[in-house]
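Engineer: I'm passing along entry03.pdb; it holds PDB, N, CA and C atoms.
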MODEL        1
ATOM      1  N   MET A 130     -73.371  69.099-196.587
ATOM      2  CA  MET A 130     -72.769  67.807-196.441
ATOM      3  C   MET A 130     -71.246  67.908-196.483
ATOM      4  N   TYR A 131     -70.679  68.720-197.350
ATOM      5  CA  TYR A 131     -69.229  68.861-197.457
ATOM      6  C   TYR A 131     -68.649  69.591-196.257
ATOM      7  N   SER A 132     -69.450  70.442-195.590
ATOM      8  CA  SER A 132     -68.929  71.232-194.483
ATOM      9  C   SER A 132     -68.565  70.380-193.267
ATOM     10  N   ASP A 133     -69.063  69.135-193.211
ATOM     11  CA  ASP A 133     -68.744  68.262-192.090
ATOM     12  C   ASP A 133     -67.345  67.670-192.204
ATOM     13  N   ARG A 134     -66.763  67.703-193.374
ATOM     14  CA  ARG A 134     -65.442  67.117-193.569
ATOM     15  C   ARG A 134     -64.355  68.088-193.119
ATOM     16  N   ASN A 135     -63.238  67.512-192.760
ATOM     17  CA  ASN A 135     -62.129  68.301-192.248
ATOM     18  C   ASN A 135     -61.216  68.703-193.418
ATOM     19  N   PRO A 136     -61.121  69.990-193.749
ATOM     20  CA  PRO A 136     -60.257  70.393-194.867
ATOM     21  C   PRO A 136     -58.780  70.148-194.591
ATOM     22  N   ARG A 137     -58.374  70.159-193.345
ATOM     23  CA  ARG A 137     -56.977  69.903-193.009
ATOM     24  C   ARG A 137     -56.592  68.470-193.367
ATOM     25  N   ARG A 138     -57.497  67.543-193.115
ATOM     26  CA  ARG A 138     -57.224  66.142-193.461
ATOM     27  C   ARG A 138     -57.116  65.981-194.971
ATOM     28  N   PHE A 139     -57.982  66.663-195.702
ATOM     29  CA  PHE A 139     -57.921  66.604-197.161
ATOM     30  C   PHE A 139     -56.588  67.133-197.668
ATOM     31  N   LEU A 140     -56.127  68.236-197.119
ATOM     32  CA  LEU A 140     -54.855  68.812-197.542
ATOM     33  C   LEU A 140     -53.683  67.898-197.202
ATOM     34  N   LEU A 141     -53.740  67.233-196.055
ATOM     35  CA  LEU A 141     -52.671  66.300-195.695
ATOM     36  C   LEU A 141     -52.638  65.101-196.640
ATOM     37  N   ILE A 142     -53.814  64.594-197.004
ATOM     38  CA  ILE A 142     -53.867  63.472-197.946
ATOM     39  C   ILE A 142     -53.365  63.913-199.310
ATOM     40  N   LEU A 143     -53.742  65.103-199.738
ATOM     41  CA  LEU A 143     -53.281  65.634-201.014
ATOM     42  C   LEU A 143     -51.764  65.819-201.013
ATOM     43  N   LEU A 144     -51.218  66.345-199.939
ATOM     44  CA  LEU A 144     -49.774  66.537-199.824
ATOM     45  C   LEU A 144     -49.037  65.197-199.841
ATOM     46  N   ALA A 145     -49.577  64.212-199.142
ATOM     47  CA  ALA A 145     -48.953  62.890-199.129
ATOM     48  C   ALA A 145     -48.993  62.255-200.519
ATOM     49  N   ALA A 146     -50.098  62.428-201.234
ATOM     50  CA  ALA A 146     -50.210  61.876-202.580
ATOM     51  C   ALA A 146     -49.222  62.555-203.527
ATOM     52  N   LEU A 147     -49.074  63.853-203.423
ATOM     53  CA  LEU A 147     -48.116  64.565-204.268
ATOM     54  C   LEU A 147     -46.680  64.169-203.944
ATOM     55  N   ALA A 148     -46.388  63.974-202.666
ATOM     56  CA  ALA A 148     -45.043  63.537-202.281
ATOM     57  C   ALA A 148     -44.760  62.139-202.814
ATOM     58  N   LEU A 149     -45.734  61.246-202.718
ATOM     59  CA  LEU A 149     -45.561  59.898-203.244
ATOM     60  C   LEU A 149     -45.366  59.926-204.754
ATOM     61  N   PHE A 150     -46.120  60.749-205.440
ATOM     62  CA  PHE A 150     -45.979  60.894-206.889
ATOM     63  C   PHE A 150     -44.583  61.401-207.238
ATOM     64  N   PHE A 151     -44.082  62.371-206.473
ATOM     65  CA  PHE A 151     -42.746  62.918-206.707
ATOM     66  C   PHE A 151     -41.671  61.860-206.490
ATOM     67  N   VAL A 152     -41.827  61.051-205.456
ATOM     68  CA  VAL A 152     -40.856  59.992-205.169
ATOM     69  C   VAL A 152     -40.857  58.952-206.284
ATOM     70  N   ILE A 153     -42.019  58.632-206.805
ATOM     71  CA  ILE A 153     -42.108  57.625-207.868
ATOM     72  C   ILE A 153     -41.550  58.167-209.183
ATOM     73  N   ARG A 154     -41.864  59.415-209.497
ATOM     74  CA  ARG A 154     -41.442  59.994-210.783
ATOM     75  C   ARG A 154     -39.982  60.425-210.790
ATOM     76  N   GLU A 155     -39.503  60.999-209.713
ATOM     77  CA  GLU A 155     -38.138  61.549-209.630
ATOM     78  C   GLU A 155     -37.464  61.103-208.339
ATOM     79  N   PRO A 156     -37.087  59.836-208.221
ATOM     80  CA  PRO A 156     -36.529  59.371-206.942
ATOM     81  C   PRO A 156     -35.203  60.033-206.565
ATOM     82  N   ALA A 157     -34.353  60.320-207.533
ATOM     83  CA  ALA A 157     -33.069  60.960-207.214
ATOM     84  C   ALA A 157     -33.287  62.375-206.686
ATOM     85  N   LYS A 158     -34.158  63.125-207.333
ATOM     86  CA  LYS A 158     -34.444  64.486-206.869
ATOM     87  C   LYS A 158     -35.131  64.462-205.506
ATOM     88  N   ALA A 159     -35.997  63.477-205.290
ATOM     89  CA  ALA A 159     -36.669  63.360-203.993
ATOM     90  C   ALA A 159     -35.662  63.057-202.893
ATOM     91  N   ALA A 160     -34.671  62.229-203.195
ATOM     92  CA  ALA A 160     -33.638  61.904-202.205
ATOM     93  C   ALA A 160     -32.798  63.130-201.873
ATOM     94  N   VAL A 161     -32.441  63.902-202.888
ATOM     95  CA  VAL A 161     -31.656  65.122-202.653
ATOM     96  C   VAL A 161     -32.464  66.117-201.831
ATOM     97  N   LEU A 162     -33.737  66.282-202.162
ATOM     98  CA  LEU A 162     -34.600  67.206-201.426
ATOM     99  C   LEU A 162     -34.748  66.771-199.974
ATOM    100  N   THR A 163     -34.908  65.470-199.754
ATOM    101  CA  THR A 163     -35.028  64.953-198.393
ATOM    102  C   THR A 163     -33.735  65.166-197.613
ATOM    103  N   THR A 164     -32.599  64.942-198.263
ATOM    104  CA  THR A 164     -31.314  65.158-197.607
ATOM    105  C   THR A 164     -31.144  66.613-197.191
ATOM    106  N   HIS A 165     -31.492  67.530-198.074
ATOM    107  CA  HIS A 165     -31.389  68.951-197.746
ATOM    108  C   HIS A 165     -32.338  69.331-196.612
ATOM    109  N   ALA A 166     -33.545  68.785-196.625
ATOM    110  CA  ALA A 166     -34.516  69.086-195.574
ATOM    111  C   ALA A 166     -34.032  68.578-194.220
ATOM    112  N   VAL A 167     -33.513  67.356-194.188
ATOM    113  CA  VAL A 167     -33.022  66.790-192.929
ATOM    114  C   VAL A 167     -31.804  67.568-192.436
ATOM    115  N   ASN A 168     -30.910  67.932-193.345
ATOM    116  CA  ASN A 168     -29.745  68.732-192.941
ATOM    117  C   ASN A 168     -30.166  70.085-192.387
ATOM    118  N   GLY A 169     -31.187  70.680-192.980
ATOM    119  CA  GLY A 169     -31.698  71.949-192.470
ATOM    120  C   GLY A 169     -32.300  71.807-191.084
ATOM    121  N   LEU A 170     -33.047  70.730-190.864
ATOM    122  CA  LEU A 170     -33.613  70.492-189.538
ATOM    123  C   LEU A 170     -32.525  70.231-188.505
ATOM    124  N   MET A 171     -31.484  69.505-188.912
ATOM    125  CA  MET A 171     -30.371  69.246-187.996
ATOM    126  C   MET A 171     -29.638  70.535-187.651
ATOM    127  N   ALA A 172     -29.465  71.419-188.616
ATOM    128  CA  ALA A 172     -28.807  72.699-188.356
ATOM    129  C   ALA A 172     -29.651  73.563-187.420
ATOM    130  N   ALA A 173     -30.965  73.544-187.620
ATOM    131  CA  ALA A 173     -31.847  74.309-186.741
ATOM    132  C   ALA A 173     -31.813  73.754-185.324
ATOM    133  N   ALA A 174     -31.813  72.435-185.182
ATOM    134  CA  ALA A 174     -31.747  71.825-183.854
ATOM    135  C   ALA A 174     -30.421  72.138-183.185
ATOM    136  N   ASP A 175     -29.341  72.095-183.946
ATOM    137  CA  ASP A 175     -28.024  72.422-183.395
ATOM    138  C   ASP A 175     -27.984  73.872-182.923
ATOM    139  N   SER A 176     -28.583  74.760-183.683
ATOM    140  CA  SER A 176     -28.628  76.172-183.292
ATOM    141  C   SER A 176     -29.431  76.363-182.012
ATOM    142  N   LEU A 177     -30.534  75.632-181.885
ATOM    143  CA  LEU A 177     -31.329  75.744-180.666
ATOM    144  C   LEU A 177     -30.577  75.187-179.445
ATOM    145  N   VAL A 178     -29.829  74.107-179.640
ATOM    146  CA  VAL A 178     -29.042  73.556-178.549
ATOM    147  C   VAL A 178     -27.952  74.548-178.134
ATOM    148  N   THR A 179     -27.297  75.154-179.108
ATOM    149  CA  THR A 179     -26.274  76.154-178.797
ATOM    150  C   THR A 179     -26.868  77.341-178.067
ATOM    151  N   PHE A 180     -28.035  77.783-178.494
ATOM    152  CA  PHE A 180     -28.719  78.888-177.835
ATOM    153  C   PHE A 180     -29.080  78.536-176.403
ATOM    154  N   ALA A 181     -29.648  77.338-176.210
ATOM    155  CA  ALA A 181     -30.065  76.931-174.875
ATOM    156  C   ALA A 181     -28.868  76.715-173.959
ATOM    157  N   SER A 182     -27.765  76.202-174.485
ATOM    158  CA  SER A 182     -26.604  75.959-173.634
ATOM    159  C   SER A 182     -25.873  77.246-173.270
ATOM    160  N   SER A 183     -26.135  78.320-173.973
ATOM    161  CA  SER A 183     -25.465  79.583-173.646
ATOM    162  C   SER A 183     -26.072  80.251-172.420
ATOM    163  N   PHE A 184     -27.184  79.745-171.923
ATOM    164  CA  PHE A 184     -27.789  80.320-170.722
ATOM    165  C   PHE A 184     -27.003  79.969-169.480
ATOM    166  N   GLY A 185     -26.217  78.942-169.520
ATOM    167  CA  GLY A 185     -25.358  78.633-168.410
ATOM    168  C   GLY A 185     -25.765  77.394-167.733
TER     169      GLY A 185
ENDMDL
END
Output the file's structure in the form of structure tokens.
Structural biologist:
Amino acid sequence: MYSDRNPRRFLLILLAALALFFVIREPAKAAVLTTHAVNGLMAAADSLVTFASSFG
């Protein structure tokens, strides 16, 4: 009966619940972590744009 369930969905729900718990318990730390994550994604995107534009 358990084998019919999707373990990936369970892990996503668990991750979302842990993230929500972290935001509720430590909102300042969650904001700092989110800021760092977004800045990292922006830096990665900028690097990819620079790489792609160097092709000419």
Engineer: Would you list, as JSON, numbers by chain, the residues of chain A that end up in alpha helix (DSSP H) under DSSP run on this structure's backbone?
Structural biologist: {"A": [136, 137, 138, 139, 140, 141, 142, 143, 144, 145, 146, 147, 148, 149, 150, 151, 152, 153, 154, 156, 157, 158, 159, 160, 161, 162, 163, 164, 165, 166, 167, 168, 169, 170, 171, 172, 173, 174, 175, 176, 177, 178, 179, 180, 181, 182]}
Engineer: Could you work out how far atom CA of A:Ala148 lies from atom CA of A:Thr163, giving the answer in Å with one decimal?
Structural biologist: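 Between atom CA of A:Thr163 and atom CA of A:Ala148 the gap is 10.8 Å.
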Engineer: Would you mind reading off the distance between atom CA of A:Arg134 and atom CA of A:Ile153, one decimal, in Å?
Structural biologist: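 These two atoms are separated by 29.0 Å.
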Engineer: Could you work out how far atom CA of A:Glu155 lies from atom C of A:Asn168, giving the answer in Å with one decimal?
Structural biologist: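 That distance, rounded to one decimal, is 20.8 Å.
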Engineer: For stretch 152-163 of chain A, supply all heavy atoms and format the output as a short mmCIF file (atom, residue, chain, number, x, y, z; two decimals), keeping the file's coordinate frame.
Structural biologist:
data_model
loop_
_atom_site.label_atom_id
_atom_site.label_comp_id
_atom_site.auth_asym_id
_atom_site.auth_seq_id
_atom_site.Cartn_x
_atom_site.Cartn_y
_atom_site.Cartn_z
N VAL A 152 -41.83 61.05 -205.46
CA VAL A 152 -40.86 59.99 -205.17
C VAL A 152 -40.86 58.95 -206.28
O VAL A 152 -39.80 58.46 -206.69
CB VAL A 152 -41.14 59.34 -203.80
CG1 VAL A 152 -40.35 58.07 -203.61
CG2 VAL A 152 -40.84 60.33 -202.68
N ILE A 153 -42.02 58.63 -206.80
CA ILE A 153 -42.11 57.62 -207.87
C ILE A 153 -41.55 58.17 -209.18
O ILE A 153 -40.82 57.47 -209.89
CB ILE A 153 -43.57 57.15 -208.04
CG1 ILE A 153 -43.98 56.33 -206.81
CG2 ILE A 153 -43.74 56.33 -209.31
CD1 ILE A 153 -45.45 56.01 -206.76
N ARG A 154 -41.86 59.42 -209.50
CA ARG A 154 -41.44 59.99 -210.78
C ARG A 154 -39.98 60.42 -210.79
O ARG A 154 -39.29 60.28 -211.80
CB ARG A 154 -42.32 61.20 -211.13
CG ARG A 154 -43.75 60.90 -211.43
CD ARG A 154 -43.93 60.26 -212.76
NE ARG A 154 -43.69 61.26 -213.78
CZ ARG A 154 -43.65 61.00 -215.06
NH1 ARG A 154 -43.83 59.80 -215.48
NH2 ARG A 154 -43.44 61.95 -215.93
N GLU A 155 -39.50 61.00 -209.71
CA GLU A 155 -38.14 61.55 -209.63
C GLU A 155 -37.46 61.10 -208.34
O GLU A 155 -37.27 61.90 -207.41
CB GLU A 155 -38.19 63.08 -209.67
CG GLU A 155 -38.81 63.67 -210.92
CD GLU A 155 -37.93 63.55 -212.14
OE1 GLU A 155 -36.72 63.31 -211.98
OE2 GLU A 155 -38.46 63.68 -213.24
N PRO A 156 -37.09 59.84 -208.22
CA PRO A 156 -36.53 59.37 -206.94
C PRO A 156 -35.20 60.03 -206.56
O PRO A 156 -34.96 60.30 -205.38
CB PRO A 156 -36.36 57.87 -207.14
CG PRO A 156 -36.42 57.65 -208.61
CD PRO A 156 -37.20 58.78 -209.20
N ALA A 157 -34.35 60.32 -207.53
CA ALA A 157 -33.07 60.96 -207.21
C ALA A 157 -33.29 62.38 -206.69
O ALA A 157 -32.67 62.78 -205.69
CB ALA A 157 -32.17 60.98 -208.44
N LYS A 158 -34.16 63.12 -207.33
CA LYS A 158 -34.44 64.49 -206.87
C LYS A 158 -35.13 64.46 -205.51
O LYS A 158 -34.87 65.32 -204.66
CB LYS A 158 -35.32 65.21 -207.88
CG LYS A 158 -34.60 65.59 -209.15
CD LYS A 158 -35.51 66.36 -210.09
CE LYS A 158 -34.82 66.68 -211.39
NZ LYS A 158 -35.72 67.37 -212.33
N ALA A 159 -36.00 63.48 -205.29
CA ALA A 159 -36.67 63.36 -203.99
C ALA A 159 -35.66 63.06 -202.89
O ALA A 159 -35.76 63.59 -201.78
CB ALA A 159 -37.74 62.27 -204.06
N ALA A 160 -34.67 62.23 -203.20
CA ALA A 160 -33.64 61.90 -202.20
C ALA A 160 -32.80 63.13 -201.87
O ALA A 160 -32.48 63.37 -200.70
CB ALA A 160 -32.76 60.78 -202.72
N VAL A 161 -32.44 63.90 -202.89
CA VAL A 161 -31.66 65.12 -202.65
C VAL A 161 -32.46 66.12 -201.83
O VAL A 161 -31.95 66.72 -200.88
CB VAL A 161 -31.21 65.74 -204.00
CG1 VAL A 161 -30.63 67.13 -203.79
CG2 VAL A 161 -30.20 64.84 -204.68
N LEU A 162 -33.74 66.28 -202.16
CA LEU A 162 -34.60 67.21 -201.43
C LEU A 162 -34.75 66.77 -199.97
O LEU A 162 -34.67 67.59 -199.06
CB LEU A 162 -35.97 67.29 -202.10
CG LEU A 162 -36.97 68.24 -201.47
CD1 LEU A 162 -36.50 69.67 -201.63
CD2 LEU A 162 -38.34 68.06 -202.09
N THR A 163 -34.91 65.47 -199.75
CA THR A 163 -35.03 64.95 -198.39
C THR A 163 -33.74 65.17 -197.61
O THR A 163 -33.77 65.55 -196.44
CB THR A 163 -35.38 63.46 -198.42
OG1 THR A 163 -36.59 63.29 -199.17
CG2 THR A 163 -35.57 62.90 -197.03
#
